[in-house]
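Colleague: Next comes work27.txt, compact mmCIF, C-alpha atoms:
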# COMPACT_ATOMS: atom_id res chain seq x y z
CA MET A 1 107.99 83.91 90.43
CA LEU A 2 106.87 85.37 87.13
CA GLU A 3 109.64 86.74 84.93
CA ASP A 4 109.30 89.28 82.16
CA SER A 5 111.31 87.18 79.72
CA ASN A 6 108.91 84.25 80.06
CA LEU A 7 105.90 86.49 79.43
CA ARG A 8 107.51 87.96 76.32
CA THR A 9 108.20 84.47 75.00
CA ILE A 10 104.55 83.46 75.46
CA ALA A 11 103.43 86.67 73.76
CA GLU A 12 105.65 85.97 70.75
CA VAL A 13 104.16 82.49 70.42
CA LEU A 14 100.64 83.95 70.45
CA LYS A 15 101.56 86.42 67.72
CA ARG A 16 102.55 83.57 65.41
CA PHE A 17 99.04 82.16 65.34
CA LYS A 18 97.44 82.49 61.92
CA LYS A 19 94.25 83.80 63.47
CA ALA A 20 94.10 86.32 66.29
CA PRO A 21 92.80 84.73 69.51
CA ALA A 22 89.13 85.28 70.35
CA ARG A 23 89.37 83.78 73.86
CA LEU A 24 92.12 84.44 76.39
CA GLN A 25 92.60 83.34 80.00
CA VAL A 26 95.35 84.80 82.19
CA THR A 27 95.72 83.02 85.55
CA VAL A 28 98.31 83.73 88.25
CA LEU A 29 99.05 80.88 90.65
CA ARG A 30 98.24 81.51 94.30
CA SER A 31 101.90 81.17 95.25
CA ASP A 32 103.25 83.57 92.64
CA ASN A 33 104.59 86.96 93.66
CA VAL A 34 103.72 89.27 90.75
CA ARG A 35 106.37 91.95 90.22
CA VAL A 36 106.20 92.43 86.46
CA SER A 37 103.52 93.64 84.08
CA ILE A 38 101.36 90.72 82.95
CA LEU A 39 98.73 92.44 80.83
CA ASP A 40 100.96 94.58 78.61
CA PRO A 41 102.64 91.67 76.80
CA LEU A 42 99.89 89.05 77.07
CA LEU A 43 96.68 91.00 76.71
CA VAL A 44 97.05 94.41 75.08
CA PRO A 45 98.31 93.16 71.66
CA PHE A 46 95.18 91.03 71.19
CA THR A 47 92.39 93.20 72.57
CA ALA A 48 90.93 94.02 69.16
CA SER A 49 89.95 90.40 68.53
CA LEU A 50 88.94 89.18 71.99
CA THR A 51 85.33 88.22 72.56
CA SER A 52 86.01 86.32 75.80
CA LEU A 53 88.44 87.18 78.61
CA VAL A 54 89.30 85.62 81.99
CA LEU A 55 91.67 87.32 84.44
CA SER A 56 92.39 85.31 87.58
CA ARG A 57 94.47 86.69 90.50
CA VAL A 58 95.89 89.47 88.35
CA PRO A 59 96.90 92.55 90.41
CA ILE A 60 94.10 95.09 90.25
CA SER A 61 96.64 97.89 89.74
CA GLN A 62 97.47 96.43 86.34
CA VAL A 63 93.80 96.44 85.35
CA HIS A 64 93.47 100.07 86.47
CA ALA A 65 96.46 100.94 84.27
CA LEU A 66 94.87 99.67 81.05
CA PRO A 67 94.03 102.48 78.62
CA SER A 68 90.51 103.21 77.48
CA GLY A 69 89.22 102.25 74.05
CA LEU A 70 90.18 98.58 74.27
CA PHE A 71 88.08 95.48 73.61
CA PRO A 72 85.71 96.64 70.87
CA VAL A 73 84.13 93.19 70.45
CA LEU A 74 84.35 91.81 74.01
CA GLU A 75 81.21 89.89 74.96
CA LYS A 76 82.02 87.96 78.13
CA THR A 77 84.58 88.43 80.85
CA ARG A 78 85.29 87.30 84.38
CA ALA A 79 87.95 88.88 86.59
CA HIS A 80 89.21 87.65 89.94
CA LEU A 81 91.57 90.45 90.92
CA ALA A 82 94.16 90.48 93.72
CA SER A 83 94.89 93.60 95.72
CA HIS A 84 96.85 94.59 98.82
CA GLY A 85 95.36 97.23 101.07
CA THR A 86 91.85 98.60 101.06
CA ASN A 87 89.51 97.01 98.58
CA SER A 88 89.19 99.54 95.78
CA LEU A 89 85.57 98.63 95.20
CA THR A 90 84.39 98.67 98.78
CA SER A 91 86.33 101.58 100.23
CA SER A 92 84.42 104.85 100.41
CA ASN A 93 87.74 106.65 99.81
CA SER A 94 88.59 104.49 96.86
CA THR A 95 90.25 105.84 93.76
CA SER A 96 87.66 103.84 91.86
CA THR A 97 85.33 106.82 92.21
CA ARG A 98 87.77 108.62 89.91
CA THR A 99 89.41 105.74 88.05
CA PRO A 100 86.94 102.87 88.13
CA ILE A 101 87.79 99.33 87.17
CA PRO A 102 87.35 99.49 83.39
CA PHE A 103 84.64 96.88 82.87
CA SER A 104 81.17 97.44 81.53
CA LEU A 105 79.04 96.21 84.43
CA ASN A 106 76.18 94.94 82.36
CA SER A 107 75.08 91.60 83.73
CA SER A 108 76.60 90.37 86.97
CA LEU A 109 78.87 91.82 89.63
CA ASN A 110 80.55 89.61 92.20
CA ALA A 111 82.36 91.71 94.79
CA SER A 112 84.47 90.31 97.60
CA HIS A 113 84.28 92.68 100.56
CA SER A 114 87.30 93.36 102.75
CA ILE A 115 87.48 95.28 106.01
CA GLY A 116 90.67 97.02 107.06
CA SER A 117 93.54 98.56 105.17
CA THR A 118 96.20 95.91 105.77
CA SER A 119 94.49 92.61 105.09
CA PHE A 120 95.02 90.81 101.80
CA CYS A 121 91.80 90.62 99.88
CA TRP A 122 90.39 89.25 96.67
CA ILE A 123 88.12 91.30 94.49
CA GLU A 124 85.89 89.43 92.11
CA ILE A 125 84.04 91.14 89.32
CA ALA A 126 81.88 88.97 87.13
CA VAL A 127 80.64 90.92 84.15
CA LYS A 128 79.26 90.38 80.71
CA ALA A 129 80.28 93.27 78.52
CA SER A 130 77.75 94.28 75.91
CA LYS A 131 78.97 97.80 75.14
CA ARG A 132 81.66 98.57 72.62
CA HIS A 133 84.28 100.03 74.93
CA TRP A 134 85.45 99.84 78.49
CA GLN A 135 83.79 102.31 80.81
CA THR A 136 86.08 105.01 82.19
CA ASN A 137 83.47 107.51 83.38
CA ARG A 138 82.70 108.27 87.03
CA LEU A 139 80.70 105.58 88.80
CA GLY A 140 76.98 106.16 88.62
CA PRO A 141 73.83 104.36 87.47
CA CYS A 142 74.33 100.78 86.24
CA GLN A 143 70.96 100.37 84.60
CA PRO A 144 71.70 97.04 82.84
CA LEU A 145 73.21 95.35 85.92
CA GLN A 146 70.88 92.52 86.91
CA SER A 147 72.83 90.35 89.36
CA LEU A 148 74.99 91.25 92.37
CA THR A 149 76.95 88.92 94.66
CA LEU A 150 78.43 90.21 97.93
CA ASN A 151 81.08 87.74 99.07
CA PHE A 152 82.13 88.52 102.64
CA TRP A 153 84.78 85.82 102.81
CA GLY A 154 87.22 88.58 101.86
CA THR A 155 87.00 89.87 105.44
CA HIS A 156 88.91 88.52 108.45
CA THR A 157 85.93 86.50 109.67
CA GLY A 158 83.62 86.36 106.66
CA THR A 159 80.94 88.34 108.49
CA PHE A 160 78.68 91.03 107.10
CA GLY A 161 79.98 94.54 106.59
CA TYR A 162 78.38 97.30 104.56
CA PRO A 163 80.12 97.54 101.15
CA ASN A 164 80.66 101.25 100.56
CA PHE A 165 80.71 100.83 96.81
CA LEU A 166 76.92 100.51 97.06
CA ASP A 167 76.94 104.25 97.67
CA ASN A 168 78.99 104.83 94.51
CA PHE A 169 76.90 102.68 92.19
CA LYS A 170 73.18 102.82 91.52
CA PHE A 171 71.46 99.59 90.51
CA PRO A 172 67.98 100.43 89.26
CA GLY A 173 67.84 97.26 87.15
CA LEU A 174 69.05 94.86 89.84
CA ARG A 175 66.88 91.75 90.13
CA SER A 176 69.21 89.21 91.78
CA LEU A 177 71.21 89.47 95.02
CA ARG A 178 73.46 86.87 96.64
CA LEU A 179 75.01 87.14 100.11
CA VAL A 180 77.94 84.81 100.85
CA GLY A 181 79.95 84.52 104.07
CA SER A 182 80.12 83.11 107.58
CA GLN A 183 77.68 84.43 110.20
CA LEU A 184 75.15 86.97 109.01
CA ASP A 185 73.93 88.86 112.08
CA PHE A 186 72.51 92.36 111.70
CA ASP A 187 72.41 92.78 115.50
CA ASP A 188 76.10 92.12 116.11
CA GLU A 189 77.39 95.69 116.62
CA TYR A 190 80.94 94.38 117.00
CA VAL A 191 80.89 93.42 113.32
CA CYS A 192 78.60 96.03 111.78
CA GLU A 193 77.25 99.35 113.01
CA PRO A 194 73.43 99.60 113.21
CA GLU A 195 73.57 102.60 110.88
CA GLU A 196 75.28 100.48 108.23
CA VAL A 197 72.62 97.79 108.55
CA ASP A 198 69.94 100.46 108.16
CA ARG A 199 71.63 101.72 104.99
CA PHE A 200 71.74 98.22 103.57
CA ILE A 201 68.10 97.49 104.38
CA HIS A 202 67.11 100.84 102.87
CA LYS A 203 68.85 99.82 99.63
CA LEU A 204 66.93 96.56 99.60
CA GLU A 205 63.60 98.20 100.26
CA HIS A 206 63.80 101.30 98.09
CA GLU A 207 66.39 100.79 95.35
CA PHE A 208 66.37 97.09 94.48
CA GLN A 209 63.39 95.19 93.09
CA LEU A 210 64.68 91.70 93.73
CA ALA A 211 63.05 88.62 92.24
CA TYR A 212 65.94 86.32 93.21
CA LEU A 213 67.62 86.20 96.63
CA SER A 214 70.43 83.84 97.67
CA VAL A 215 71.65 83.44 101.28
CA CYS A 216 74.86 81.40 101.61
CA HIS A 217 76.08 81.68 105.21
CA THR A 218 77.11 79.37 108.03
CA HIS A 219 74.58 80.80 110.50
CA VAL A 220 71.86 83.43 110.37
CA PRO A 221 69.81 84.39 113.48
CA ARG A 222 66.07 84.54 113.04
CA PRO A 223 65.75 88.34 113.56
CA THR A 224 68.24 88.87 110.73
CA LEU A 225 66.36 86.51 108.43
CA GLU A 226 63.10 88.27 109.20
CA ARG A 227 64.53 91.69 108.52
CA LEU A 228 66.18 90.54 105.30
CA PHE A 229 63.06 88.80 103.99
CA ARG A 230 60.70 91.64 104.94
CA ALA A 231 62.91 94.04 102.98
CA THR A 232 62.62 91.88 99.83
CA PRO A 233 58.87 91.14 99.46
CA HIS A 234 59.01 90.74 95.66
CA VAL A 235 61.32 87.71 95.73
CA THR A 236 59.91 84.72 93.84
CA THR A 237 63.02 82.50 93.97
CA LEU A 238 64.93 81.93 97.20
CA ASP A 239 68.28 80.10 97.11
CA ALA A 240 69.86 79.00 100.39
CA GLN A 241 72.94 77.31 101.77
CA ILE A 242 72.87 77.58 105.59
CA HIS A 243 75.67 75.43 106.98
CA GLU A 244 74.24 75.20 110.50
CA ASN A 245 71.51 72.81 109.35
CA TYR A 246 69.17 75.59 108.21
CA GLU A 247 68.59 76.60 111.83
CA ASN A 248 65.89 79.33 112.02
CA PHE A 249 65.39 79.24 108.26
CA PHE A 250 62.16 77.30 107.88
CA GLU A 251 60.70 78.60 111.14
CA THR A 252 61.10 82.11 109.71
CA LEU A 253 59.50 81.20 106.39
CA THR A 254 56.53 79.35 107.90
CA ILE A 255 53.38 81.42 107.47
CA GLY A 256 51.50 82.17 110.68
CA GLN A 257 47.85 82.92 111.34
CA ASP A 258 48.04 86.63 110.45
CA PRO A 259 48.15 87.03 106.64
CA SER A 260 49.48 90.60 106.96
CA GLN A 261 52.66 89.23 108.56
CA ARG A 262 53.51 86.89 105.69
CA ILE A 263 57.21 86.83 104.80
CA LEU A 264 58.15 86.51 101.12
CA PRO A 265 54.50 86.34 100.05
CA ARG A 266 55.41 85.80 96.37
CA LEU A 267 57.81 82.91 96.93
CA LYS A 268 57.35 80.28 94.22
CA THR A 269 60.71 78.46 93.96
CA LEU A 270 62.97 77.27 96.78
CA VAL A 271 66.52 76.12 95.97
CA LEU A 272 68.45 74.28 98.72
CA GLU A 273 72.06 73.15 99.03
CA LEU A 274 72.47 69.83 100.89
CA GLY A 275 76.09 69.11 100.03
CA ALA A 276 77.64 70.83 103.04
CA SER A 277 76.25 71.20 106.55
CA GLY A 278 77.08 70.89 110.21
CA ALA A 279 75.16 67.62 110.35
CA LEU A 280 77.25 66.10 107.55
CA ASP A 281 80.46 67.37 109.15
CA ASP A 282 79.53 65.84 112.51
CA GLY A 283 78.10 62.66 111.05
CA GLU A 284 74.91 62.95 113.07
CA GLY A 285 71.51 64.64 112.93
CA GLU A 286 69.75 66.01 109.88
CA THR A 287 70.77 68.87 107.61
CA ILE A 288 67.10 69.91 107.57
CA ASP A 289 64.81 69.11 110.50
CA PRO A 290 61.85 67.24 108.95
CA ASP A 291 59.38 68.59 111.54
CA TYR A 292 60.17 72.25 110.87
CA PHE A 293 60.20 71.53 107.15
CA ALA A 294 56.78 69.84 107.34
CA ASP A 295 55.31 72.91 109.05
CA PHE A 296 56.82 75.11 106.37
CA LEU A 297 55.37 73.03 103.54
CA GLU A 298 51.92 72.91 105.08
CA SER A 299 51.84 76.68 105.52
CA ARG A 300 53.12 77.37 102.00
CA ILE A 301 51.08 74.76 100.13
CA GLY A 302 48.37 73.08 102.19
CA LEU A 303 47.01 76.27 103.79
CA CYS A 304 47.64 78.70 100.89
CA PRO A 305 45.27 79.70 98.07
CA PRO A 306 46.37 78.05 94.79
CA ASN A 307 47.86 81.24 93.31
CA ASP A 308 50.01 81.88 96.39
CA ARG A 309 51.47 78.41 96.80
CA LEU A 310 55.08 77.34 96.61
CA ARG A 311 55.45 75.62 93.24
CA LYS A 312 58.95 74.16 93.02
CA ILE A 313 61.70 72.83 95.27
CA VAL A 314 65.17 72.27 93.82
CA LEU A 315 67.74 70.23 95.77
CA TYR A 316 71.51 70.15 95.19
CA GLY A 317 73.88 67.62 96.74
CA ARG A 318 77.35 66.26 96.17
CA HIS A 319 76.14 62.67 96.49
CA PRO A 320 72.84 60.94 95.62
CA ASP A 321 72.16 59.84 99.20
CA GLU A 322 72.02 63.47 100.38
CA ILE A 323 68.85 64.13 98.38
CA SER A 324 67.32 60.66 98.01
CA ASP A 325 63.80 59.60 98.97
CA ASP A 326 65.24 58.03 102.13
CA VAL A 327 66.16 61.42 103.61
CA PRO A 328 63.48 62.36 106.20
CA PHE A 329 62.84 65.90 105.00
CA VAL A 330 62.56 64.71 101.37
CA GLN A 331 59.86 62.30 102.51
CA GLU A 332 57.85 65.29 103.71
CA ILE A 333 57.78 66.60 100.14
CA GLN A 334 56.25 63.48 98.59
CA PRO A 335 52.55 64.05 99.53
CA TYR A 336 52.57 67.49 97.89
CA LEU A 337 53.78 66.24 94.52
CA THR A 338 50.24 65.15 93.71
CA GLU A 339 49.05 68.69 94.50
CA GLY A 340 51.22 70.29 91.82
CA LEU A 341 54.52 70.81 93.64
CA THR A 342 57.55 70.09 91.45
CA LEU A 343 60.71 68.51 92.89
CA GLU A 344 64.05 68.70 91.07
CA ARG A 345 67.23 67.01 92.26
CA HIS A 346 70.79 67.62 91.08
CA VAL A 347 73.92 65.67 92.03
CA VAL A 348 76.87 68.01 91.42
CA GLY A 349 79.87 66.25 92.95
CA GLU A 350 81.68 65.84 89.64
CA LEU A 351 80.96 69.40 88.56
CA ARG A 352 82.62 70.70 91.71
CA ALA A 353 85.76 68.63 91.40
CA GLY A 354 88.76 70.95 91.64
CA LYS A 355 86.79 73.95 92.86
CA LEU A 356 87.72 75.79 96.03
CA ASP A 357 84.46 77.56 96.70
CA ASP A 358 81.56 79.32 94.94
CA GLU A 359 79.28 76.31 95.20
CA TRP A 360 76.38 78.63 94.50
CA MET A 361 77.40 78.80 90.84
CA GLU A 362 75.93 75.39 90.03
CA ARG A 363 72.66 76.55 91.56
CA ASP A 364 72.52 79.63 89.32
CA PRO A 365 71.57 78.31 85.87
CA GLU A 366 72.02 81.67 84.15
CA LEU A 367 75.71 81.64 85.08
CA TRP A 368 76.49 77.95 84.99
CA GLN A 369 74.91 76.89 81.74
CA ASP A 370 76.49 79.40 79.38
CA TRP A 371 79.31 81.18 81.19
CA LEU A 372 82.46 79.08 80.91
CA GLU A 373 84.56 82.10 81.88
CA ALA A 374 83.03 82.13 85.35
CA ILE A 375 83.76 78.42 85.82
CA ALA A 376 87.40 78.87 84.83
CA VAL A 377 88.09 81.39 87.57
CA CYS A 378 86.73 79.10 90.29
CA LYS A 379 89.05 76.21 89.52
CA ARG A 380 92.11 75.64 91.68
Would you encode the structure as structure tokens?
Modeller:
Amino acid sequence: MLEDSNLRTIAEVLKRFKKAPARLQVTVLRSDNVRVSILDPLLVPFTASLTSLVLSRVPISQVHALPSGLFPVLEKTRAHLASHGTNSLTSSNSTSTRTPIPFSLNSSLNASHSIGSTSFCWIEIAVKASKRHWQTNRLGPCQPLQSLTLNFWGTHTGTFGYPNFLDNFKFPGLRSLRLVGSQLDFDDEYVCEPEEVDRFIHKLEHEFQLAYLSVCHTHVPRPTLERLFRATPHVTTLDAQIHENYENFFETLTIGQDPSQRILPRLKTLVLELGASGALDDGEGETIDPDYFADFLESRIGLCPPNDRLRKIVLYGRHPDEISDDVPFVQEIQPYLTEGLTLERHVVGELRAGKLDDEWMERDPELWQDWLEAIAVCKR
């Protein structure tokens, strides 16, 4: 258990440094029961000099309590905030509409959605702060926000639920959306009301202009994939991690005879995760069915005009044999390489050592290549 005396001792040591710290990471162990103020002694005395900040599993109430006017030179921050009760970002009755989490939401927001008022939930906010002060005004337009991740593993089952904070924020500059969770099924009324699905689809169609879409779920029925993809016709890069062997995925993306019914007509880059799947767990079958994948490739390359073709496939795996030339679906790619298709392969087993989740981060180069703060939060 954290004790105030220990925190004060650490703070005194920091004050003895000849140069004020520019980078600070405050991490609470998963087993710790936080009953004392962490940020007052460790963070507040050094806010004037900080350009980089990581807060991991810090109680969100302590972040809410920070005064305005801090962090004049803060450039990058990542917060993984712990909260009991209703998620203060996702609840429509949240106090965040009056006292928002004081981060400038200027690059990327990663929100973990929780349903119910009694479940323990994690709230993740991944932001790059470019303004001079923390924002304390009422929630409204977030013009600079470009990337949004909705992580539904904060719920009891990891299934989709409409995040009410979408009604509090406006994201006119949003270009990237990631959905993370277990089953994503828009037709399961037990999990999500049809009206909530309609609200979400309306946001996709009329408010967001997405160029990047990431779907990281265990299972997604074909009607849900179709509705999701038809609501995001401007997507040029599609990232996917479908644990149930990409069932329905390539059948949905295969272009049929009617050009007016094309799904994701501007798709140019496909990014696929091969490091975790039902087939690998069971030790049998293929993560990606080579026959369905062959039909997909033919429809997107062989039968498409040159300007409309898929141009790049990027594969990620924990081990080389998951994405080698011996894998049947990879063999289906080979004939198209002479027609201009580019194939990239990345083995990321070592990069993921010690991580609990968030495998999508290695597949997002904008985050992974230059955002060490985000990596720090994902470590055990």
Colleague: Could you give me the axis-aligned bounding box of stretch 178-194 of chain A, with 5 Å of padding per side, as centre plus edge lengths in Å to one decimal, as JSON?
Modeller:
{"center_x": 76.7, "center_y": 91.4, "center_z": 106.8, "size_x": 18.5, "size_y": 26.5, "size_z": 30.4}
Colleague: So the first atom is atom CA of A:Pro72 and the second is atom CA of A:Leu42; what is the distance between them in Å, to one decimal place?
Modeller: 17.2 Å
Colleague: Can you measure atom CA of A:Thr218 to atom CA of A:Asp289 for me? One decimal in Å is fine.
Modeller: 16.2 Å
Colleague: Please provide as number ranges by chain all residues within 9 Å of stretch 188-195 of chain A, with the sequence filter that same-chain residues fewer than 6 positions apart are discarded (counting all atoms listed in the file).
Modeller: A: 159-162
Colleague: Considering all atoms listed in the file, return as a PyMOL selection string whatever protein or nucleic-acid residues lie within 10 Å of stretch 263-267 of chain A, sequence-local ones (same chain, fewer than 2 positions apart) excluded.
Modeller: chain A and resi 211-212+225-238+252-256+259-261+269-270+300+307-312
Colleague: Between atom CA of A:Glu322 and atom CA of A:Leu274, what is the distance, to one decimal in Å?
Modeller: 6.4 Å
Colleague: Extract, using all atoms listed in the file, all DNA, RNA and protein residues at most 12 Å from A:Asp40, discarding same-chain residues fewer than 5 positions from it, and format them as a ChimeraX atom specification.
Modeller: /A:4,7-8,11,26,45-47,62-63,65-67
Colleague: Report as an MDAnalysis selection string all protein, DNA and RNA residues lying within 8 Å of A:His217, evaluated on only C-alpha atoms, omitting residues in the same chain fewer than 2 positions from it.
Modeller: chainID A and resid 179:184 215 219:220 241:243
Colleague: Here is a test: counting all atoms listed in the file, which residue of A:Phe152, A:Tyr336, A:Phe169, A:Phe208 is nearest to A:Glu298?
Modeller: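 For A:Glu298, the nearest of the candidates is A:Tyr336.
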Colleague: Measuring between all atoms listed in the file, which one of A:Lys170, A:Ala22, A:Ser37, A:Pro290 shows the shortest distance to A:Leu74?
Modeller: A:Ala22
Colleague: Measuring atom to atom with all atoms listed in the file, identify which of A:Asp295, A:Asp185, A:Glu362, A:Asp321 is nearest to A:Ile333.
Modeller: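 Looking only at the distances to A:Ile333, the closest residue turns out to be A:Asp295.
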Colleague: From the list A:Arg363, A:Phe165, A:Tyr316, A:Glu332, which residue is nearest A:Gly349 when using all atoms listed in the file?
Modeller: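 With all atoms listed in the file as the atom set, the closest residue is A:Tyr316.
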